[in-house]
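Participant: I am attaching a structure below and will ask some questions about it afterwards.
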Amino acid sequence: FTYRWIIKRENDSVTRVTALIKDEKNSLLQKLQVPFYKNAFLKRNIATVKKVRDKLKENTKYYKVAPVEKDSIPAVYCAYIPLSCRLWEKANTMIGNIHIITDYIKDNAITLAGDPFLEITGWDLQEDTITFNFCFPVEERDGYPENGIVKFRKTKARAALKTRFNGNYKISDSAWYTLIDYAQTNAIPIEKLPFEVYLNDPHAGGNELEWQAEVYMPLKN
């Protein structure tokens, strides 16, 4: 079966989703039967769409996204490592590589100057892949030891849309789509290069809904 989803916002709190379903092997037969009675094709796919709906409703229990506002991405000097992965692997990729940068910072007695953040440098929406810099703010100065892996740069201050995300950082990209939807609804040109600042340490545990991230989407110049 092929599913095509049509999503239409009706107001600030209601979005209508229509599922268009095609039986690739028996398309003509289904067109003839469906208008007159609920055959197996219709029953099965109604059940599937309901499962998707229920799963989406369930997922909203695990995160919150605040109203969107205009703000700016700060200019921050940082130590960082460039990474790439599938979008859904973002959090695990950071977890699997965090020791590279934290060990460097610890071994060289470098003092952190703020909260860690992620800077998306490329997002392929078709392939669902991202490239990004995993960054830790540090004092801006020359002479940091080179190791061939950890790099240093200063991010560029930019006007952006901003929201706050509460929940597990594995699904913080939910806020990305909120920002994109807001931009499209209000005809605001953006660059789809999210910037996330993590205000809590997941290793400390606790209620995931208390984990917070500031999420930005830069405006086009």
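Simple scheme: letters A, B, ... for chains in structure tokens order, numbers from 1 for residues in each chain, numbers from 1 for ligands in the order shown.
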Near Glu210 (chain A), counting only C-alpha atoms, which residues have an atom at most 10 Å away, once you skip same-chain residues fewer than 4 positions from it, shown as a ChimeraX atom specification?

Facilitator: /A:63-64,165-168,199-200,205-206

Participant: Give me, as JSON lines, the closest atom pair and its distance (Å, one decimal) for every residue of region 136-176 of chain A within a cut-off of 12 Å of region 85-100 of chain A, counting only C-alpha atoms, rows sorted by chain and rising number.

Facilitator:
{"residue": "A:Phe136", "atom": "CA", "partner": "A:Ile98", "partner_atom": "CA", "distance": 10.1}
{"residue": "A:Asn147", "atom": "CA", "partner": "A:Ile100", "partner_atom": "CA", "distance": 10.5}
{"residue": "A:Gly148", "atom": "CA", "partner": "A:Ile100", "partner_atom": "CA", "distance": 11.3}
{"residue": "A:Ile149", "atom": "CA", "partner": "A:Ile100", "partner_atom": "CA", "distance": 8.2}
{"residue": "A:Val150", "atom": "CA", "partner": "A:Ile100", "partner_atom": "CA", "distance": 7.8}
{"residue": "A:Lys151", "atom": "CA", "partner": "A:Ile100", "partner_atom": "CA", "distance": 11.3}
{"residue": "A:Asn168", "atom": "CA", "partner": "A:Ala91", "partner_atom": "CA", "distance": 9.2}
{"residue": "A:Tyr169", "atom": "CA", "partner": "A:Ala91", "partner_atom": "CA", "distance": 6.5}
{"residue": "A:Lys170", "atom": "CA", "partner": "A:Ala91", "partner_atom": "CA", "distance": 5.0}
{"residue": "A:Ile171", "atom": "CA", "partner": "A:Trp88", "partner_atom": "CA", "distance": 7.8}
{"residue": "A:Ser172", "atom": "CA", "partner": "A:Ala91", "partner_atom": "CA", "distance": 9.2}
{"residue": "A:Asp173", "atom": "CA", "partner": "A:Leu87", "partner_atom": "CA", "distance": 8.2}
{"residue": "A:Ser174", "atom": "CA", "partner": "A:Trp88", "partner_atom": "CA", "distance": 11.0}
{"residue": "A:Trp176", "atom": "CA", "partner": "A:Leu87", "partner_atom": "CA", "distance": 11.5}

Participant: Give me the residues within 10 Å of region 107-113 of chain A as a ChimeraX atom specification, counting only C-alpha atoms and dropping any in the same chain fewer than 5 places off.

Facilitator: /A:76-79,101-102,136-140,144-145

Participant: Please report the interatomic distance between CA of Ala157 (chain A) and CA of Gln184 (chain A) in Å with one decimal.

Facilitator: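 Those two atoms sit 22.8 Å apart.
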
Participant: Tell me, as a PyMOL selection string, which residues lie within 9 Å of Glu214 (chain A), counting only C-alpha atoms; anything in the same chain fewer than 6 positions away does not count.

Facilitator: chain A and resi 162-165+195-199

Participant: Looking only at the backbone, which of the residues in region 78-193 of chain A does DSSP tag as strand (DSSP E), as a PyMOL selection string?

Facilitator: chain A and resi 78-86+117-124+129-137+151-154+158-167

Participant: Do you have the CA of Gly122 (chain A)-CA of Leu193 (chain A) distance handy?

Facilitator: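 Result for CA of Gly122 (chain A) versus CA of Leu193 (chain A): 6.6 Å, one decimal.
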
Participant: Record the distance separating CA of Pro189 (chain A) and CA of Lys220 (chain A), expressed in Å with one decimal.

Facilitator: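 These two atoms are separated by 5.6 Å.
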